[in-house]
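Contents: one structure, followed by commentary.
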Amino acid sequence: MDATAFAQETGPTITLLEVKDSPETRSVSFILSKTDLATANALRRVMIAEVPTMAIDLVEFESNTSVLTDEFLAHRLGLIPLNSEQVGTITYTRECSCQQYCPQCSVELHLNVRCTEDHTREVTTRDLVSSHTSIAPVLNGPNDRGILIAKLRKGQEINLRCIAKKGTAKEHAKWSPCAGVAFEYDPHNRLRHTTYWIEDDVKSEWPVSANGRFEPEVAEDEPFDYNAKPEAFYMTVEGTGALDPKEIVTTGLRILQAKLSLVQLLLKEIAEERGAVARPPMNGFH
Amino acid sequence: MAPTFRTLERQQQAVVPSRTGTQFPKLAKLAAPHIDSFNALFAGTTPAASSGAAALPSGPGLLERAVGDVGSRVVFDGQRDAPLADRNKLELWLSGITVAKPSIDAAKGALSNVMYPAECRERGVSYKAKMQIRLNWRINGGPIQTEARNLGSLPIMVRSSKCNLYGKSPYELVQHHEDAEEFGGYFISNGIERLVRLLIVPRRNHPTAIVRPSFQNRGPTYTKFGVSIRSVRPDQTSQTVTMHYCSDGAVTLRFSYRKNEYMVPVILVLRALCDASDREIFERITMGMYSNTFLTDRVELLLRSFRRYAVFSRKQALSYLGSKFAVMLDSPEDAFEEDVGREFLRKIILVHLNDAKSKFDLIIFMLQKLYSLVAGDCAQDNPDSLQFQETLLAGHLFVGIIKEKLGDYLDAIKTQINTDLRRSASTVNFSDKKYMQRVFARCSGAADIGKKLEYFLATGNLVSNTGLDLQQVSGYTIVGEKLNFYRYISHFRSIHRGSFFAELKTTTVRKLLPESWGFLCPVHTPDGAPCGLLNHLSHKCEIMLDQIDVSHIPQLVASLGAGQISGQGPRVAAAVPDSDRGHSDAMDVDGDDYGDDDNDDDAEHGDQDGVVADAGAELRNRKKVLVSVQLDGRVIGWCRDSVAQRIAQTLRDWKVRQLHRVPATLEIGYVPPTRGGQYPGLFLFSSPARMVRPVRYLATGGTDYVGPFEQVYMNVACMNEDVVPGLTTHQEFDPTDMLSVVANMTPFSDFNQSPRNMYQCQMGKQSMGTPAQNLFHRTDNKLYRLQTGQSPIVRPNAHNDYGLDGYPNGMNAVVCVISYTGYDMEDASIIAKSSYERGYGYGTIYKGEWVDLAEHRRRGEPITHHFGFVAAGETETTLSEKALTRALQFIDLDGLPIVGVRLTQGDPMYAYVDDVTGKVYIKDYKGMEDAYVDQVRLIGSDSGDQELQKIHIRLRIPRPPIIGDKFSSRHGQKGVISQKWPSIDMPFSESGIIPDVIINPHAFPSRMTIGMFVESLAGKAGALHGHSQDATPFRFNENHAAADFFGEELAKAGFNYHGNEPMYSGITGQEFKADIYIGVVYYQRLRHMVSDKYQVRTTGPVHNLTQQPVKGRKRAGGIRFGEMERDSLLAHGVSFLLKDRLMNCSDYSQCHVCRLCGSILSPMQRRLGVAGETLDATVPSGGAAAATTASDPASAGRVVECMTCGTSRGIEVIAIPYVFRYLCTELVAMNIKLRLDIAHRA
């Protein structure tokens, strides 16, 4: 699909509102406008479920004498966000030419901790040693102690090998780059998509969200426009740390674009098979 | 300040357990009734949970008392008919019982032989300690000889004074592999934790008026009226005596002794107790009320009817009793009848009293009550009401059993000697030490009381020849299941009415009576069969076990104005002088609070009676009412009712103020005279096994311990607004005091419809949670565990008080009330797939399996089986290379499973080898689900020098939630998971929150679980502000509404006041028409999982007689398509489906039938004998015989012929259900021929 696809209506616009990049929150807020609800929601869905990241998928236990069971530990390891900036360089295992997994489609991480001290040894993501230069557990600066994986008492040890693979949250939530995607349109309920439950007064019982400032309030005597469609979508994308939120949005857009173009391509093929006579009219596309 | 989660505090406690005392005193006291009652067995222990009462300084233990009460047995040697003077007399008796602490028997060279409960659990043995007794005997009154005898091992209650964990701090408990807050109260029987269930028994030492039609079956002239008393001896064994009223004026005492019933005329007993004349007895019973002709007539009749016995003096009466009961009591042959009579009175009649005068007084009282009942002056007492009930406790039951068995032991010795005498009298020589030793050795079976107690604990069956005055023989003990902590706790608090009542058709015993307020939880009782019979103690209810000192109470009562009836002389009401009324400083104080009694109580009674025409006359009579004052079933005085009331008030005041040494747990039950009400009197109780509970005494603000007897006549306000000035004397400390521990855990239960709270009490006990903290040291058969348990955001105060954060029972879930997918109908709920993937509700089942190779050999034989692959003395295994390689994938060379290995059905689990044959046995894993080997525990013998013979394998089965698994909130809202819905398709809020769980709004209107809405609201606010929420019931009211309180918190966080939010469809992104109720609710995962229940089958095993599918999930059987299902298909007219179910999928079979004779049994297959013999040409081409021969090569050369017709001409193949053939055969066996008419379809 070419860039002129949306050109007819000057195309959807993204207005960046805020970028937070602190150890506590990594998020990006923006207004997506001049597009329809379906597209906006599709972007939301793609960002949550289809932006690929890296996550530990296989765990081979050499020894585990901790109090946590193997499967429980493996589950915990899977949920650890790995820095996935380089996820583009990795192929999906299912698309790789190798037999099981290989450096092209996986990253190996090692966890080998043994408690020899008298006090409890906390095993954190800092102990996870990656074989890749950048695909490794996310850490926020040198003071970050990492995510706690397990605690060991004297004499206990964990020795295991993890295989991180590329994947999407469609398959398992551990591959989701998003912690949450806030999504809102029509903060003043101008479109009357919803009916608020009220006891006395809408204004006092339903605080207008922060996004209300971008749209005019509904005047008391304003006539209801039943043809109106939502146009501006207020979104905030908060990442898990695996990917930069900006990256999530751009990747999301790219994936959405690729999907749409695939649809277009396939439709075109169908049309050509039928002899290019009855070309179905497509809204916005031709 | 908002309540916090105390995370750091708890962390600190977990890392460094306290070295001094428990963090959760309330939790530690949960099992107090069990432990204190067990401690009472032994001397010198003050109960741990004493409620501030003046405990007696280390009196003799109950065991010691019981041993003293067993008495002696007397045997004479020589010939039976020889004069007694020529025979030697042997007296046997017991004394000095001692119980050690649990230890290991044969610990050679061990560092310590101290046995701890954890070891018993892990090894699957019992926690018990050696018990010894001194057996004494003397011959012809000569010098006493003594010998110590072993009584076997007494099961020891964990954390009792005989337990090695007694008084240990949390730190030490953890050192000994227990939970830091282990509270004990149970026994360990073969590694299983079992406890003696609390039982409800009639209140001791209180005559109860009973009207029971079945009394009429006792004999002719017996009426339905009776007064029953369960007398309890100081050693806590009891003897019930019932006084019956007969229509001919006689009154008899009925009792049962060694499961036989006996009746004695009451006058006979009275006469034996006291040298009272007829006139004196008359005066005592009537007490000057000559105008009451009903009474005087009856008493006259009673006395007259006894004259035929011609027993006039005490001596005569005693001899008479002695002559009749000598055999029953098995009294010594040389005992005088009079002494036997005395012994009878001591052992049977009102055994709680030790002197004849008290017994006489109490029988008089019982007679008065009986006549009053018959006359209709007083009402019957309700034996189903808690007012007339108390508890039967583990310790008290134990004493009873031990006492009986000790008696049996002496009897066994006596029987043995008598047997010897019968066989050859010359061998019997009492002074021969060897002979005595032989006798004792022969009776060692009867001496092993420990074994009998162990049997009792392991089975709950009471093997007894006295019946111990109890109504049931089984169901005394239960397993303390550690399914989750709620269930575990409630075992200790459960109290059963008795299995006798479970069979009763009437439901009156199951009723929730107001008398049980504050003692039994109104919410926490199961649905169904045990409903109302199995109750749970309210969490503030305690069971009194202190032996409190009440020796000074009679004087105190006398000083307050209760008179004595001296001698047997009459005492008319008018003779009670006003000056008898006590005056003390306390009384003056009372005067203001309670007003003038003299005027007040009369008016009060008038009120109770309602408007009565002759109220004036009633009142005038009432004035003269004399009531009895009793302390623990002993008449300690008589006084006018108003005096009694004043005494009660004064005593209560002193009791709360701790004046005049009135014990804090003394029960002061003043029953005022009413017309047709309960029989009046002032009844004081100090005995153990009573329930008590603390309430606030308004006059001083102090704590008053109230019992169920007195509570009925007290004015206890619940809430502040219930206090009526001048009337209310007491108030509840907290309205939640009436709830049990588990019922207290339901958040905002006061908002819910009441049955929902009952359901939650059940479901809370069925949820997967954290059963224990010492999981590593547990060997339970089955253990459920929730891996991702959380501390609830919304929790009642009791949750903190009982330290339940250590045992999480569920998880906080974001719950959205919306009908979204159509998959949430009928209580199904949807969970977000991503929540599931992040560990929501992830559970595990642990299954234990014992393997004991000693079972393959007899005791004492040398070891012949070893774990491993190689027999002893061999160098190589007999196993094939292939089998060995496969086995070694799962089993180590030592024959034990490799820890961590995953087992699928049929995988080898362990291996052992038989020395004799050299054969290696590989045992497979039989479970249907995949499991991981979690632990392999090697179990040694007591001495620890034996080769490994016993192991315990613990398997771990992961159970992530799957569709069909059951979840519930804490409000009786259960449902199954219907879908794991992709997160992107889930509805979401503006802030991007995706709910974990979606439930259908239809779950609410009919169930009215408003508490769940409030919890949702509170949970959301708590999560937003980061603090926990107090969900204690009865904290909110109309003026201080929960919705407003939490609404404001929500509004402060920028959310809608009512907890709703605009939400968007995850599929279209469109905002929903309605805003959605979303919040945080604590969810429990219930143990009912589809993995344990699903039953599917296409083909599978069939029954070999009928060829029909077998039944049962375990055998891969089918589910019966029964008659009603068949009817349904018939009604639909779906004949093909009908045939498919009942025939094709069941026992479809083909068989030959002879068209000619119509039999399906006569066609037989025959090999074609002669070469060249061909088929009968007359067989139709489509016939069966042709078909079978032609198409089936196996049957080539065979022919089917009818044995009766002798031809294969009529043979056809038809399809029939196989059972039909079976039916035919059975009919043939009965000489019935079944003929089938076969024709080809047109």
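Each chain in the structure tokens gets a letter, A, B, ..., in the order shown, and its residues are numbered from 1; ligands are numbered from 1 in order too.
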
### Task
Please determine the contact residues of chain A with respect to chain B at a cut-off of 6 Å, counting only C-alpha atoms, and supply them as a count of residues only.
13

Residues near Val1219 of chain B, anyone? I mean within 12 Å using only C-alpha atoms, not counting same-chain ones fewer than 3 positions away, as a PDB file with N, CA, C and O atoms, in the first residue's frame.
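Output saved as result_39.pdb:
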```pdb
ATOM      1  N   HIS B1103     -19.209 -54.560  30.183  1.00  0.00           N
ATOM      2  CA  HIS B1103     -19.503 -55.561  31.194  1.00  0.00           C
ATOM      3  C   HIS B1103     -19.509 -56.927  30.517  1.00  0.00           C
ATOM      4  O   HIS B1103     -20.125 -57.090  29.473  1.00  0.00           O
ATOM      5  N   ASN B1104     -18.846 -57.917  31.115  1.00  0.00           N
ATOM      6  CA  ASN B1104     -18.694 -59.139  30.345  1.00  0.00           C
ATOM      7  C   ASN B1104     -19.944 -60.014  30.342  1.00  0.00           C
ATOM      8  O   ASN B1104     -20.046 -60.933  29.547  1.00  0.00           O
ATOM      9  N   LEU B1105     -20.882 -59.729  31.167  1.00  0.00           N
ATOM     10  CA  LEU B1105     -22.106 -60.524  31.149  1.00  0.00           C
ATOM     11  C   LEU B1105     -23.125 -59.946  30.172  1.00  0.00           C
ATOM     12  O   LEU B1105     -23.778 -60.656  29.419  1.00  0.00           O
ATOM     13  N   THR B1106     -23.233 -58.651  30.183  1.00  0.00           N
ATOM     14  CA  THR B1106     -24.260 -58.012  29.369  1.00  0.00           C
ATOM     15  C   THR B1106     -23.713 -57.361  28.113  1.00  0.00           C
ATOM     16  O   THR B1106     -24.485 -56.961  27.251  1.00  0.00           O
ATOM     17  N   GLN B1107     -22.415 -57.231  28.022  1.00  0.00           N
ATOM     18  CA  GLN B1107     -21.771 -56.535  26.906  1.00  0.00           C
ATOM     19  C   GLN B1107     -22.143 -55.046  26.863  1.00  0.00           C
ATOM     20  O   GLN B1107     -21.918 -54.372  25.870  1.00  0.00           O
ATOM     21  N   GLN B1108     -22.731 -54.550  27.929  1.00  0.00           N
ATOM     22  CA  GLN B1108     -23.064 -53.128  27.951  1.00  0.00           C
ATOM     23  C   GLN B1108     -21.892 -52.359  28.554  1.00  0.00           C
ATOM     24  O   GLN B1108     -21.111 -52.930  29.313  1.00  0.00           O
ATOM     25  N   PRO B1109     -21.806 -51.075  28.233  1.00  0.00           N
ATOM     26  CA  PRO B1109     -20.697 -50.294  28.796  1.00  0.00           C
ATOM     27  C   PRO B1109     -20.736 -50.323  30.323  1.00  0.00           C
ATOM     28  O   PRO B1109     -21.806 -50.336  30.917  1.00  0.00           O
ATOM     29  N   LEU B1142     -29.448 -46.750  22.592  1.00  0.00           N
ATOM     30  CA  LEU B1142     -29.774 -47.934  23.378  1.00  0.00           C
ATOM     31  C   LEU B1142     -29.236 -49.218  22.773  1.00  0.00           C
ATOM     32  O   LEU B1142     -29.176 -50.237  23.432  1.00  0.00           O
ATOM     33  N   MET B1143     -28.905 -49.159  21.493  1.00  0.00           N
ATOM     34  CA  MET B1143     -28.463 -50.393  20.875  1.00  0.00           C
ATOM     35  C   MET B1143     -27.059 -50.245  20.290  1.00  0.00           C
ATOM     36  O   MET B1143     -26.108 -50.855  20.772  1.00  0.00           O
ATOM     37  N   SER B1146     -24.506 -49.273  22.699  1.00  0.00           N
ATOM     38  CA  SER B1146     -24.521 -50.036  23.933  1.00  0.00           C
ATOM     39  C   SER B1146     -24.076 -51.470  23.657  1.00  0.00           C
ATOM     40  O   SER B1146     -22.883 -51.722  23.520  1.00  0.00           O
ATOM     41  N   ASP B1147     -24.995 -52.369  23.505  1.00  0.00           N
ATOM     42  CA  ASP B1147     -24.591 -53.768  23.384  1.00  0.00           C
ATOM     43  C   ASP B1147     -25.082 -54.376  22.078  1.00  0.00           C
ATOM     44  O   ASP B1147     -25.671 -55.444  22.063  1.00  0.00           O
ATOM     45  N   TYR B1148     -24.834 -53.652  21.006  1.00  0.00           N
ATOM     46  CA  TYR B1148     -25.202 -54.149  19.690  1.00  0.00           C
ATOM     47  C   TYR B1148     -24.504 -55.482  19.447  1.00  0.00           C
ATOM     48  O   TYR B1148     -23.316 -55.626  19.688  1.00  0.00           O
ATOM     49  N   SER B1149     -25.276 -56.457  18.993  1.00  0.00           N
ATOM     50  CA  SER B1149     -24.637 -57.721  18.630  1.00  0.00           C
ATOM     51  C   SER B1149     -25.469 -58.395  17.535  1.00  0.00           C
ATOM     52  O   SER B1149     -26.658 -58.087  17.359  1.00  0.00           O
ATOM     53  N   GLN B1150     -24.799 -59.251  16.815  1.00  0.00           N
ATOM     54  CA  GLN B1150     -25.517 -60.002  15.790  1.00  0.00           C
ATOM     55  C   GLN B1150     -25.599 -61.429  16.256  1.00  0.00           C
ATOM     56  O   GLN B1150     -24.684 -61.927  16.919  1.00  0.00           O
ATOM     57  N   CYS B1151     -26.696 -62.074  15.901  1.00  0.00           N
ATOM     58  CA  CYS B1151     -26.749 -63.469  16.268  1.00  0.00           C
ATOM     59  C   CYS B1151     -27.603 -64.254  15.286  1.00  0.00           C
ATOM     60  O   CYS B1151     -28.352 -63.670  14.482  1.00  0.00           O
ATOM     61  N   ALA B1215     -29.842 -58.528  14.234  1.00  0.00           N
ATOM     62  CA  ALA B1215     -29.144 -57.667  15.211  1.00  0.00           C
ATOM     63  C   ALA B1215     -30.021 -57.528  16.444  1.00  0.00           C
ATOM     64  O   ALA B1215     -31.200 -57.194  16.336  1.00  0.00           O
ATOM     65  N   ILE B1216     -29.445 -57.834  17.589  1.00  0.00           N
ATOM     66  CA  ILE B1216     -30.195 -57.695  18.844  1.00  0.00           C
ATOM     67  C   ILE B1216     -29.274 -57.084  19.892  1.00  0.00           C
ATOM     68  O   ILE B1216     -28.061 -57.137  19.768  1.00  0.00           O
ATOM     69  N   TYR B1222     -28.925 -62.816  26.732  1.00  0.00           N
ATOM     70  CA  TYR B1222     -28.752 -63.186  28.142  1.00  0.00           C
ATOM     71  C   TYR B1222     -30.109 -63.494  28.778  1.00  0.00           C
ATOM     72  O   TYR B1222     -30.279 -64.476  29.489  1.00  0.00           O
ATOM     73  N   LEU B1223     -31.080 -62.648  28.438  1.00  0.00           N
ATOM     74  CA  LEU B1223     -32.430 -62.843  28.959  1.00  0.00           C
ATOM     75  C   LEU B1223     -32.975 -64.191  28.523  1.00  0.00           C
ATOM     76  O   LEU B1223     -33.536 -64.948  29.322  1.00  0.00           O
ATOM     77  N   CYS B1224     -32.769 -64.487  27.231  1.00  0.00           N
ATOM     78  CA  CYS B1224     -33.257 -65.763  26.700  1.00  0.00           C
ATOM     79  C   CYS B1224     -32.649 -66.922  27.476  1.00  0.00           C
ATOM     80  O   CYS B1224     -33.353 -67.872  27.851  1.00  0.00           O
ATOM     81  N   THR B1225     -31.384 -66.822  27.705  1.00  0.00           N
ATOM     82  CA  THR B1225     -30.691 -67.904  28.413  1.00  0.00           C
ATOM     83  C   THR B1225     -31.247 -68.064  29.821  1.00  0.00           C
ATOM     84  O   THR B1225     -31.488 -69.171  30.292  1.00  0.00           O
ATOM     85  N   GLU B1226     -31.466 -66.935  30.485  1.00  0.00           N
ATOM     86  CA  GLU B1226     -32.002 -67.006  31.839  1.00  0.00           C
ATOM     87  C   GLU B1226     -33.387 -67.614  31.836  1.00  0.00           C
ATOM     88  O   GLU B1226     -33.735 -68.394  32.712  1.00  0.00           O
TER      89      GLU B1226
END
```

### Message
When you look at segment 149-163 of chain A with a cut-off of 6 Å (counting only C-alpha atoms), what residues show up, excluding the ones that are within fewer than 5 positions of it in the same chain? I need them as a VMD selection string.
### Response
chain A and resid 56 to 66 107 to 118 120 to 124

Selection file, N, CA, C and O atoms, as a compact mmCIF listing (two decimals), in the first residue's frame:
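again-v8.txt, written as the output of this step:
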```txt
# COMPACT_ATOMS: atom_id res chain seq x y z
N ILE A 56 11.08 -15.24 27.31
CA ILE A 56 11.59 -16.59 27.56
C ILE A 56 10.49 -17.59 27.30
O ILE A 56 9.37 -17.45 27.81
N ASP A 57 10.78 -18.56 26.48
CA ASP A 57 9.74 -19.50 26.06
C ASP A 57 10.05 -20.93 26.49
O ASP A 57 9.15 -21.73 26.70
N LEU A 58 11.32 -21.25 26.56
CA LEU A 58 11.69 -22.59 26.98
C LEU A 58 12.66 -22.46 28.15
O LEU A 58 13.51 -21.58 28.15
N VAL A 59 12.48 -23.32 29.13
CA VAL A 59 13.41 -23.33 30.25
C VAL A 59 13.90 -24.75 30.47
O VAL A 59 13.09 -25.67 30.59
N GLU A 60 15.19 -24.90 30.43
CA GLU A 60 15.75 -26.22 30.69
C GLU A 60 16.39 -26.21 32.08
O GLU A 60 17.34 -25.45 32.32
N PHE A 61 15.89 -27.04 32.94
CA PHE A 61 16.37 -27.04 34.32
C PHE A 61 17.55 -28.00 34.46
O PHE A 61 17.45 -29.17 34.12
N GLU A 62 18.61 -27.47 34.94
CA GLU A 62 19.75 -28.31 35.30
C GLU A 62 19.54 -28.76 36.75
O GLU A 62 19.57 -29.94 37.05
N SER A 63 19.29 -27.77 37.59
CA SER A 63 18.92 -28.11 38.96
C SER A 63 18.09 -26.98 39.54
O SER A 63 18.25 -25.82 39.16
N ASN A 64 17.18 -27.35 40.41
CA ASN A 64 16.34 -26.37 41.08
C ASN A 64 16.01 -26.92 42.45
O ASN A 64 15.17 -27.77 42.61
N THR A 65 16.73 -26.44 43.43
CA THR A 65 16.46 -26.89 44.80
C THR A 65 15.79 -25.80 45.60
O THR A 65 15.72 -25.87 46.82
N SER A 66 15.30 -24.78 44.90
CA SER A 66 14.58 -23.72 45.60
C SER A 66 13.21 -24.23 46.01
O SER A 66 12.81 -25.33 45.64
N VAL A 107 17.32 -16.44 21.67
CA VAL A 107 18.42 -15.91 22.49
C VAL A 107 18.49 -16.79 23.73
O VAL A 107 17.46 -17.16 24.30
N GLU A 108 19.68 -17.13 24.09
CA GLU A 108 19.84 -18.01 25.24
C GLU A 108 20.16 -17.18 26.47
O GLU A 108 20.98 -16.26 26.41
N LEU A 109 19.55 -17.49 27.57
CA LEU A 109 19.87 -16.83 28.82
C LEU A 109 20.18 -17.89 29.87
O LEU A 109 19.61 -18.98 29.83
N HIS A 110 21.06 -17.55 30.75
CA HIS A 110 21.44 -18.51 31.78
C HIS A 110 21.16 -17.94 33.16
O HIS A 110 21.34 -16.75 33.39
N LEU A 111 20.73 -18.80 34.02
CA LEU A 111 20.55 -18.41 35.42
C LEU A 111 21.23 -19.48 36.26
O LEU A 111 20.85 -20.65 36.23
N ASN A 112 22.27 -19.09 36.91
CA ASN A 112 23.00 -20.06 37.72
C ASN A 112 23.36 -19.40 39.03
O ASN A 112 24.33 -18.65 39.13
N VAL A 113 22.54 -19.64 40.03
CA VAL A 113 22.75 -18.99 41.32
C VAL A 113 22.74 -20.05 42.40
O VAL A 113 21.93 -20.97 42.37
N ARG A 114 23.65 -19.91 43.31
CA ARG A 114 23.67 -20.80 44.46
C ARG A 114 23.88 -19.94 45.70
O ARG A 114 24.70 -19.03 45.68
N CYS A 115 23.09 -20.22 46.70
CA CYS A 115 23.22 -19.42 47.91
C CYS A 115 24.24 -20.07 48.84
O CYS A 115 24.10 -21.23 49.22
N THR A 116 25.26 -19.33 49.14
CA THR A 116 26.28 -19.87 50.05
C THR A 116 26.33 -19.05 51.34
O THR A 116 26.97 -19.46 52.30
N GLU A 117 25.64 -17.92 51.33
CA GLU A 117 25.67 -17.08 52.53
C GLU A 117 24.65 -17.56 53.52
O GLU A 117 23.79 -18.39 53.21
N ASP A 118 24.68 -16.99 54.71
CA ASP A 118 23.75 -17.40 55.75
C ASP A 118 22.40 -16.72 55.59
O ASP A 118 21.40 -17.19 56.10
N THR A 120 19.28 -14.87 53.26
CA THR A 120 18.54 -15.22 52.06
C THR A 120 19.15 -14.55 50.83
O THR A 120 19.47 -13.37 50.86
N ARG A 121 19.32 -15.32 49.79
CA ARG A 121 19.85 -14.79 48.54
C ARG A 121 18.67 -14.53 47.63
O ARG A 121 17.87 -15.42 47.35
N GLU A 122 18.54 -13.29 47.18
CA GLU A 122 17.45 -12.98 46.27
C GLU A 122 17.93 -13.15 44.84
O GLU A 122 18.94 -12.55 44.44
N VAL A 123 17.25 -13.98 44.11
CA VAL A 123 17.58 -14.17 42.70
C VAL A 123 16.74 -13.19 41.91
O VAL A 123 15.51 -13.23 41.99
N THR A 124 17.40 -12.30 41.17
CA THR A 124 16.64 -11.32 40.41
C THR A 124 17.03 -11.41 38.94
O THR A 124 17.88 -12.22 38.55
```

### Query
DSSP on the backbone: what in segment 861-1024 of chain B comes out strand (DSSP E or B), as a ChimeraX atom specification?
/B:865-867,891,897,902-903,908-914,920-924,931-939,950-959,966-969,974-981,988-989,997-999,1009

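Counting only C-alpha atoms and comparing B:Val75, B:Met768, B:Val716, B:Ile210, the residue that lies closest to Pro808 of chain B is B:Met768.
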
### Message
So that I can check the surroundings of Leu41 of chain B, please list as a PyMOL selection string every protein, DNA and RNA residue that reaches within 12 Å of it, counting only C-alpha atoms and ignoring chain neighbours fewer than 2 positions away.
### Response
chain B and resi 34-39+43-47+58-67+97-99+154+156-157+160-162+234-236+393-400+402-403+545

#### Entry: Interatomic distance (Å, one decimal) between atom CA of Phe440 of chain B and atom CA of Gln416 of chain B
8.9 Å
